[in-house]
Amino acid sequence: MPMTQRQALEVLLPLRGERIVVTTMSSAGIWPTLSQSPLDFAYIPSAMGHGPSLGLGLALAQPERGVIVVNGDGCQLMSLGNLATLAQQPANIFVIVLDNGQYEVTGGQPHAGTGRVDYAAVARAVGVRRTYTFTNLASWQAGAADALLGPGPVVIDLKVEALPNQKTPKPPRPMAEQIRRLQGALSVA
Amino acid sequence: MLDGPSVVAALERVGITHVVWIPDSELGTWEPALRASTKLALVHVCREGEAFTLAAGLHLGGKKPIVMVQCTGLFEAGDALRNVVHDMKLPIFFVVGVRSWYLQQKGATADTCPIFSEPIMNAWQIPYRLLDSSHSADDLANAYLESQHAGQTGAVLIAE
């Protein structure tokens, strides 16, 4: 059965451990309803497509903790090169691409890669050694723990349902407060 | 004079931990010294917008990054720069190589990069200094320290 973004994130929730979770676009609206950890960072307002780069910086700065970035497929296409940047770094970063084949928050328009781009294959082609694709909820439930264990970088392509009438989410709290909470949890002055 | 060894020594002295960059032909001559440093980690990115957001992540995680890009990359990186500096309000400091600056001063180039570099910095409201051959790595380091003491972004443009 196909999975919704919420279902995908519900599977992630118990597996994130003490890792930082960076969410973008639609996931940034859903994740705060599941988790209120100070290690959550809703990347809103964002530079579109740059969630993985932000996460990689955090992962390089906090190598023992690890970072999970929940990105959208449209966002990933906006900065596809960041997968090559990721591949050169032995960093504990896990990029999850929620692949619904559309720009969801602008009204559900198709993007340039709708129905054609295999994000796990792209990641492998640029040198990311650990990649996964899950096309339904049952396979994600069965394989998530393995995918989210071990060393990064890891790229996970999750096929999720496209939902109509979605809006750009609002961040759970102002950016300055998010930064204070995150840096407090990381014991960074 | 700004060269690789003097720039690396200055960056090490002020505590920089990471250099996130895409070099141009001038900044690229600094690479051997950057690679040889045991105190600086050199991080290559694919496009300049990545450099600013990756540096933002490093900063959030407690490190002291600096971004080095070419002027064409500055033009490309506008949205990331806007987000990091104005939305997130992070004091990310960066170095921009301004291609053809000397030739433009003489009216001897059709390169449009030097025409737009400073107006772009002003448009994004970035405090900056232009460093030419009369300046040294200490000037770069001092500009960095001033921006960090002020808790705000800053940059130097390197005349090329």
# chains A, B, ... in the order shown; residues from 1 in each chain; ligands from 1

$ closest_atom_pairs --of "chain A" --to "chain B" --cutoff "10 Å" --atoms "only C-alpha atoms" --output "JSON lines"
{"residue": "A:Tyr43", "atom": "CA", "partner": "B:Met88", "partner_atom": "CA", "distance": 9.7}
{"residue": "A:Ile44", "atom": "CA", "partner": "B:Asp87", "partner_atom": "CA", "distance": 8.9}
{"residue": "A:Pro45", "atom": "CA", "partner": "B:Asp87", "partner_atom": "CA", "distance": 6.7}
{"residue": "A:Ser46", "atom": "CA", "partner": "B:Asn83", "partner_atom": "CA", "distance": 6.1}
{"residue": "A:Ala47", "atom": "CA", "partner": "B:Ala80", "partner_atom": "CA", "distance": 5.0}
{"residue": "A:Met48", "atom": "CA", "partner": "B:Ala80", "partner_atom": "CA", "distance": 8.0}
{"residue": "A:Gly49", "atom": "CA", "partner": "B:Glu50", "partner_atom": "CA", "distance": 9.0}
{"residue": "A:His50", "atom": "CA", "partner": "B:Thr53", "partner_atom": "CA", "distance": 6.4}
{"residue": "A:Gly51", "atom": "CA", "partner": "B:Thr53", "partner_atom": "CA", "distance": 7.9}
{"residue": "A:Pro52", "atom": "CA", "partner": "B:Leu54", "partner_atom": "CA", "distance": 8.3}
{"residue": "A:Ser53", "atom": "CA", "partner": "B:Leu54", "partner_atom": "CA", "distance": 4.6}
{"residue": "A:Leu54", "atom": "CA", "partner": "B:Gly57", "partner_atom": "CA", "distance": 4.5}
{"residue": "A:Gly55", "atom": "CA", "partner": "B:Gly57", "partner_atom": "CA", "distance": 6.1}
{"residue": "A:Leu56", "atom": "CA", "partner": "B:Leu54", "partner_atom": "CA", "distance": 6.2}
{"residue": "A:Gly57", "atom": "CA", "partner": "B:Gly57", "partner_atom": "CA", "distance": 4.0}
{"residue": "A:Leu58", "atom": "CA", "partner": "B:Gly57", "partner_atom": "CA", "distance": 4.4}
{"residue": "A:Ala59", "atom": "CA", "partner": "B:Leu58", "partner_atom": "CA", "distance": 7.9}
{"residue": "A:Leu60", "atom": "CA", "partner": "B:Leu58", "partner_atom": "CA", "distance": 6.7}
{"residue": "A:Ala61", "atom": "CA", "partner": "B:Gly61", "partner_atom": "CA", "distance": 5.0}
{"residue": "A:Gln62", "atom": "CA", "partner": "B:Gly61", "partner_atom": "CA", "distance": 6.1}
{"residue": "A:Pro63", "atom": "CA", "partner": "B:Gly61", "partner_atom": "CA", "distance": 9.7}
{"residue": "A:Ser79", "atom": "CA", "partner": "B:Glu50", "partner_atom": "CA", "distance": 8.0}
{"residue": "A:Leu80", "atom": "CA", "partner": "B:Cys46", "partner_atom": "CA", "distance": 9.1}
{"residue": "A:Gly81", "atom": "CA", "partner": "B:Cys46", "partner_atom": "CA", "distance": 5.6}
{"residue": "A:Asn82", "atom": "CA", "partner": "B:Cys46", "partner_atom": "CA", "distance": 6.6}
{"residue": "A:Leu83", "atom": "CA", "partner": "B:Cys46", "partner_atom": "CA", "distance": 9.1}
{"residue": "A:Ala84", "atom": "CA", "partner": "B:Cys46", "partner_atom": "CA", "distance": 7.3}
{"residue": "A:Thr85", "atom": "CA", "partner": "B:Val45", "partner_atom": "CA", "distance": 5.3}
{"residue": "A:Leu86", "atom": "CA", "partner": "B:Val45", "partner_atom": "CA", "distance": 8.8}
{"residue": "A:Gln88", "atom": "CA", "partner": "B:His44", "partner_atom": "CA", "distance": 8.6}
{"residue": "A:Gln89", "atom": "CA", "partner": "B:Val43", "partner_atom": "CA", "distance": 8.6}
{"residue": "A:Pro174", "atom": "CA", "partner": "B:Met88", "partner_atom": "CA", "distance": 9.8}
{"residue": "A:Met175", "atom": "CA", "partner": "B:Met88", "partner_atom": "CA", "distance": 6.3}
{"residue": "A:Ala176", "atom": "CA", "partner": "B:Met88", "partner_atom": "CA", "distance": 6.9}
{"residue": "A:Gln178", "atom": "CA", "partner": "B:Met88", "partner_atom": "CA", "distance": 9.7}
{"residue": "A:Ile179", "atom": "CA", "partner": "B:Leu60", "partner_atom": "CA", "distance": 7.3}
{"residue": "A:Arg180", "atom": "CA", "partner": "B:Leu60", "partner_atom": "CA", "distance": 9.4}
{"residue": "A:Leu182", "atom": "CA", "partner": "B:Leu60", "partner_atom": "CA", "distance": 7.9}
{"residue": "A:Gln183", "atom": "CA", "partner": "B:Leu60", "partner_atom": "CA", "distance": 6.5}
{"residue": "A:Leu186", "atom": "CA", "partner": "B:Gly61", "partner_atom": "CA", "distance": 7.2}
{"residue": "A:Ser187", "atom": "CA", "partner": "B:Gly62", "partner_atom": "CA", "distance": 8.6}
{"residue": "A:Val188", "atom": "CA", "partner": "B:Gly62", "partner_atom": "CA", "distance": 5.4}
{"residue": "A:Ala189", "atom": "CA", "partner": "B:Gly62", "partner_atom": "CA", "distance": 7.4}

$ residues_around --residues "Ala123 (chain B)" --least-positions-apart "3" --cutoff "12 Å" --atoms "only C-alpha atoms" --output "JSON, numbers by chain"
{"B": [75, 78, 81, 82, 116, 117, 118, 119, 120, 126, 127, 128]}

$ write_last_selection --atoms "C-alpha atoms" --output "PDB file, in the first residue's frame"
ATOM      1  CA  PHE B  75      25.747  35.832  -8.110  1.00  0.00           C
ATOM      2  CA  GLY B  78      21.902  34.832  -3.754  1.00  0.00           C
ATOM      3  CA  LEU B  81      23.080  33.995   1.137  1.00  0.00           C
ATOM      4  CA  ARG B  82      19.807  35.797   1.802  1.00  0.00           C
ATOM      5  CA  PHE B 116      28.208  43.847 -10.585  1.00  0.00           C
ATOM      6  CA  SER B 117      30.162  42.416  -7.642  1.00  0.00           C
ATOM      7  CA  GLU B 118      30.007  45.448  -5.338  1.00  0.00           C
ATOM      8  CA  PRO B 119      26.422  46.402  -6.237  1.00  0.00           C
ATOM      9  CA  ILE B 120      25.382  42.833  -5.447  1.00  0.00           C
ATOM     10  CA  ILE B 126      26.603  42.666   3.302  1.00  0.00           C
ATOM     11  CA  PRO B 127      29.341  44.732   4.994  1.00  0.00           C
ATOM     12  CA  TYR B 128      32.531  44.189   3.016  1.00  0.00           C
TER      13      TYR B 128
END

$ atom_distance --atom1 "CA of Gln109 (chain A)" --atom2 "CA of Lys170 (chain A)"
20.4 Å

$ residues_around --residues "Glu160 (chain B)" --least-positions-apart "2" --cutoff "8 Å" --atoms "only C-alpha atoms" --output "NGL selection string"
:B and (26 or 97-102 or 132 or 158)

$ write_last_selection --atoms "N, CA, C and O atoms" --output "CSV table (one decimal), in the first residue's frame"
chain,number,residue,atom,x,y,z
B,26,GLU,N,42.4,32.5,-9.1
B,26,GLU,CA,43.3,33.2,-8.1
B,26,GLU,C,43.2,32.5,-6.8
B,26,GLU,O,44.3,32.1,-6.2
B,97,GLY,N,36.4,36.2,-4.8
B,97,GLY,CA,37.4,36.7,-5.8
B,97,GLY,C,36.7,37.4,-6.9
B,97,GLY,O,35.7,36.9,-7.5
B,98,VAL,N,37.1,38.7,-7.1
B,98,VAL,CA,36.5,39.5,-8.2
B,98,VAL,C,37.3,39.4,-9.4
B,98,VAL,O,38.3,40.1,-9.6
B,99,ARG,N,36.9,38.6,-10.3
B,99,ARG,CA,37.6,38.4,-11.6
B,99,ARG,C,37.7,39.7,-12.4
B,99,ARG,O,36.7,40.4,-12.5
B,100,SER,N,38.8,40.0,-13.0
B,100,SER,CA,39.0,41.1,-13.9
B,100,SER,C,38.9,42.5,-13.3
B,100,SER,O,38.7,43.5,-14.0
B,101,TRP,N,39.0,42.5,-12.0
B,101,TRP,CA,38.9,43.8,-11.3
B,101,TRP,C,39.9,44.8,-11.8
B,101,TRP,O,39.6,46.0,-12.1
B,102,TYR,N,41.2,44.4,-11.8
B,102,TYR,CA,42.3,45.3,-12.3
B,102,TYR,C,42.1,45.8,-13.7
B,102,TYR,O,42.2,46.9,-14.0
B,132,ASP,N,43.1,44.7,-2.2
B,132,ASP,CA,43.9,44.6,-3.4
B,132,ASP,C,45.3,44.2,-3.1
B,132,ASP,O,45.6,43.7,-2.0
B,158,ILE,N,38.3,40.1,-3.1
B,158,ILE,CA,39.7,40.1,-3.5
B,158,ILE,C,39.8,40.5,-4.9
B,158,ILE,O,39.3,39.9,-5.8

$ atom_distance --atom1 "CA of Ile92 (chain B)" --atom2 "CA of Thr38 (chain B)"
22.0 Å

$ residues_around --residues "Arg130 (chain A)" --least-positions-apart "4" --cutoff "10 Å" --atoms "only C-alpha atoms" --output "ChimeraX atom specification"
/A:87,94,120,123-124,147,150-156

$ select_by_dssp --residues "region 26-158 of chain A" --states "strand (DSSP E or B)" --output "ChimeraX atom specification"
/A:40-42,67-72,93-99,103,109,130-134,154-158

$ write_last_selection --atoms "N, CA, C and O atoms" --output "compact mmCIF listing (two decimals), in the first residue's frame"
# COMPACT_ATOMS: atom_id res chain seq x y z
N ASP A 40 15.05 18.91 16.81
CA ASP A 40 14.31 19.07 15.55
C ASP A 40 14.57 20.47 15.01
O ASP A 40 14.53 21.45 15.76
N PHE A 41 14.81 20.56 13.71
CA PHE A 41 15.02 21.87 13.10
C PHE A 41 14.18 21.96 11.84
O PHE A 41 14.47 21.31 10.84
N ALA A 42 13.10 22.74 11.94
CA ALA A 42 12.25 22.99 10.77
C ALA A 42 12.91 24.06 9.93
O ALA A 42 12.97 25.22 10.35
N VAL A 67 22.80 13.26 11.71
CA VAL A 67 21.77 14.17 11.24
C VAL A 67 20.89 13.45 10.22
O VAL A 67 21.40 12.75 9.34
N ILE A 68 19.59 13.61 10.37
CA ILE A 68 18.63 13.12 9.38
C ILE A 68 17.99 14.33 8.71
O ILE A 68 17.48 15.21 9.40
N VAL A 69 18.05 14.39 7.39
CA VAL A 69 17.41 15.48 6.65
C VAL A 69 16.24 14.89 5.87
O VAL A 69 16.41 13.93 5.12
N VAL A 70 15.06 15.45 6.09
CA VAL A 70 13.88 15.03 5.34
C VAL A 70 13.63 16.07 4.26
O VAL A 70 13.25 17.20 4.55
N ASN A 71 13.90 15.69 3.04
CA ASN A 71 13.84 16.62 1.91
C ASN A 71 12.69 16.22 0.99
O ASN A 71 12.21 15.09 1.03
N GLY A 72 12.28 17.13 0.14
CA GLY A 72 11.30 16.77 -0.87
C GLY A 72 11.99 16.49 -2.20
O GLY A 72 13.16 16.86 -2.38
N ILE A 93 25.23 11.44 7.97
CA ILE A 93 24.06 12.17 7.48
C ILE A 93 23.19 11.22 6.67
O ILE A 93 23.68 10.43 5.85
N PHE A 94 21.90 11.30 6.93
CA PHE A 94 20.91 10.45 6.28
C PHE A 94 19.90 11.37 5.60
O PHE A 94 19.18 12.10 6.28
N VAL A 95 19.89 11.36 4.29
CA VAL A 95 18.97 12.21 3.54
C VAL A 95 17.80 11.35 3.06
O VAL A 95 17.99 10.38 2.32
N ILE A 96 16.62 11.70 3.53
CA ILE A 96 15.40 11.01 3.11
C ILE A 96 14.69 11.90 2.10
O ILE A 96 14.34 13.05 2.41
N VAL A 97 14.50 11.40 0.91
CA VAL A 97 13.77 12.15 -0.13
C VAL A 97 12.33 11.66 -0.14
O VAL A 97 12.07 10.50 -0.49
N LEU A 98 11.43 12.52 0.28
CA LEU A 98 10.00 12.19 0.20
C LEU A 98 9.56 12.50 -1.23
O LEU A 98 9.39 13.66 -1.61
N ASP A 99 9.40 11.44 -1.99
CA ASP A 99 9.24 11.57 -3.44
C ASP A 99 7.78 11.41 -3.82
O ASP A 99 7.26 10.30 -3.93
N TYR A 103 5.56 19.48 -6.96
CA TYR A 103 5.76 20.59 -6.03
C TYR A 103 4.49 20.70 -5.21
O TYR A 103 3.52 21.34 -5.62
N GLN A 109 1.96 21.05 -8.79
CA GLN A 109 2.43 21.01 -10.17
C GLN A 109 3.53 19.96 -10.33
O GLN A 109 4.30 19.72 -9.40
N ARG A 130 25.68 3.97 0.31
CA ARG A 130 24.49 3.37 0.93
C ARG A 130 23.25 4.12 0.47
O ARG A 130 23.02 5.27 0.85
N THR A 131 22.46 3.48 -0.35
CA THR A 131 21.21 4.08 -0.83
C THR A 131 20.09 3.05 -0.72
O THR A 131 20.33 1.84 -0.80
N TYR A 132 18.89 3.54 -0.54
CA TYR A 132 17.73 2.66 -0.38
C TYR A 132 16.54 3.30 -1.11
O TYR A 132 16.44 4.53 -1.19
N THR A 133 15.67 2.45 -1.57
CA THR A 133 14.39 2.91 -2.12
C THR A 133 13.28 2.07 -1.50
O THR A 133 13.37 0.84 -1.46
N PHE A 134 12.28 2.74 -1.00
CA PHE A 134 11.11 2.06 -0.44
C PHE A 134 9.87 2.62 -1.14
O PHE A 134 9.66 3.84 -1.14
N VAL A 154 23.95 8.37 3.79
CA VAL A 154 22.92 7.47 3.30
C VAL A 154 21.85 8.31 2.60
O VAL A 154 21.50 9.38 3.09
N VAL A 155 21.38 7.83 1.48
CA VAL A 155 20.26 8.49 0.79
C VAL A 155 19.12 7.49 0.66
O VAL A 155 19.33 6.36 0.19
N ILE A 156 17.95 7.89 1.11
CA ILE A 156 16.77 7.02 1.12
C ILE A 156 15.67 7.68 0.30
O ILE A 156 15.24 8.80 0.60
N ASP A 157 15.23 7.01 -0.74
CA ASP A 157 14.15 7.50 -1.59
C ASP A 157 12.85 6.83 -1.14
O ASP A 157 12.72 5.60 -1.24
N LEU A 158 11.93 7.62 -0.63
CA LEU A 158 10.64 7.09 -0.20
C LEU A 158 9.55 7.57 -1.15
O LEU A 158 9.35 8.78 -1.31

$ closest_residue --among "B:Val8, B:Leu74, B:Ala110, B:Leu27" --to "Ala155 (chain B)" --atoms "only C-alpha atoms"
B:Leu74

$ closest_atom_pairs --of "region 163-183 of chain A" --to "region 18-37 of chain A" --cutoff "9 Å" --atoms "only C-alpha atoms" --output "JSON lines"
{"residue": "A:Gln166", "atom": "CA", "partner": "A:Ser26", "partner_atom": "CA", "distance": 8.0}
{"residue": "A:Lys167", "atom": "CA", "partner": "A:Ser26", "partner_atom": "CA", "distance": 8.0}
{"residue": "A:Thr168", "atom": "CA", "partner": "A:Met25", "partner_atom": "CA", "distance": 6.5}
{"residue": "A:Pro169", "atom": "CA", "partner": "A:Gly29", "partner_atom": "CA", "distance": 4.9}
{"residue": "A:Lys170", "atom": "CA", "partner": "A:Gly29", "partner_atom": "CA", "distance": 6.6}
{"residue": "A:Pro171", "atom": "CA", "partner": "A:Ala28", "partner_atom": "CA", "distance": 7.0}
{"residue": "A:Pro172", "atom": "CA", "partner": "A:Pro32", "partner_atom": "CA", "distance": 6.6}
{"residue": "A:Arg181", "atom": "CA", "partner": "A:Ser37", "partner_atom": "CA", "distance": 8.9}
{"residue": "A:Leu182", "atom": "CA", "partner": "A:Ile20", "partner_atom": "CA", "distance": 8.5}

$ select_by_dssp --residues "chain B" --states "alpha helix (DSSP H)" --output "ChimeraX atom specification"
/B:4-13,31-36,48-60,71-76,78-82,101-105,113-123,137-150

$ closest_residue --among "B:Cys71, B:Glu48, B:Val96, B:Gln148" --to "Asp111 (chain B)" --atoms "only C-alpha atoms"
B:Cys71

$ closest_residue --among "B:Glu12, B:Gly73, B:Val85, B:Lys39" --to "Gln152 (chain B)" --atoms "only C-alpha atoms"
B:Val85

$ residues_around --residues "region 138-140 of chain B" --least-positions-apart "5" --cutoff "8 Å" --atoms "only C-alpha atoms" --output "PyMOL selection string"
chain B and resi 7+10+131+156

$ write_last_selection --atoms "N, CA and C atoms" --output "PDB file, in the first residue's frame"
ATOM      1  N   VAL B   7      47.519  33.467   3.987  1.00  0.00           N
ATOM      2  CA  VAL B   7      46.075  33.402   4.275  1.00  0.00           C
ATOM      3  C   VAL B   7      45.783  32.253   5.236  1.00  0.00           C
ATOM      4  N   ALA B  10      46.809  33.135   8.702  1.00  0.00           N
ATOM      5  CA  ALA B  10      45.876  34.099   9.302  1.00  0.00           C
ATOM      6  C   ALA B  10      44.576  33.416   9.724  1.00  0.00           C
ATOM      7  N   LEU B 131      39.907  44.109  -0.916  1.00  0.00           N
ATOM      8  CA  LEU B 131      41.339  43.957  -0.674  1.00  0.00           C
ATOM      9  C   LEU B 131      42.054  43.829  -2.015  1.00  0.00           C
ATOM     10  N   VAL B 156      35.126  39.883   2.448  1.00  0.00           N
ATOM     11  CA  VAL B 156      36.142  40.635   1.717  1.00  0.00           C
ATOM     12  C   VAL B 156      36.043  40.254   0.252  1.00  0.00           C
TER      13      VAL B 156
END
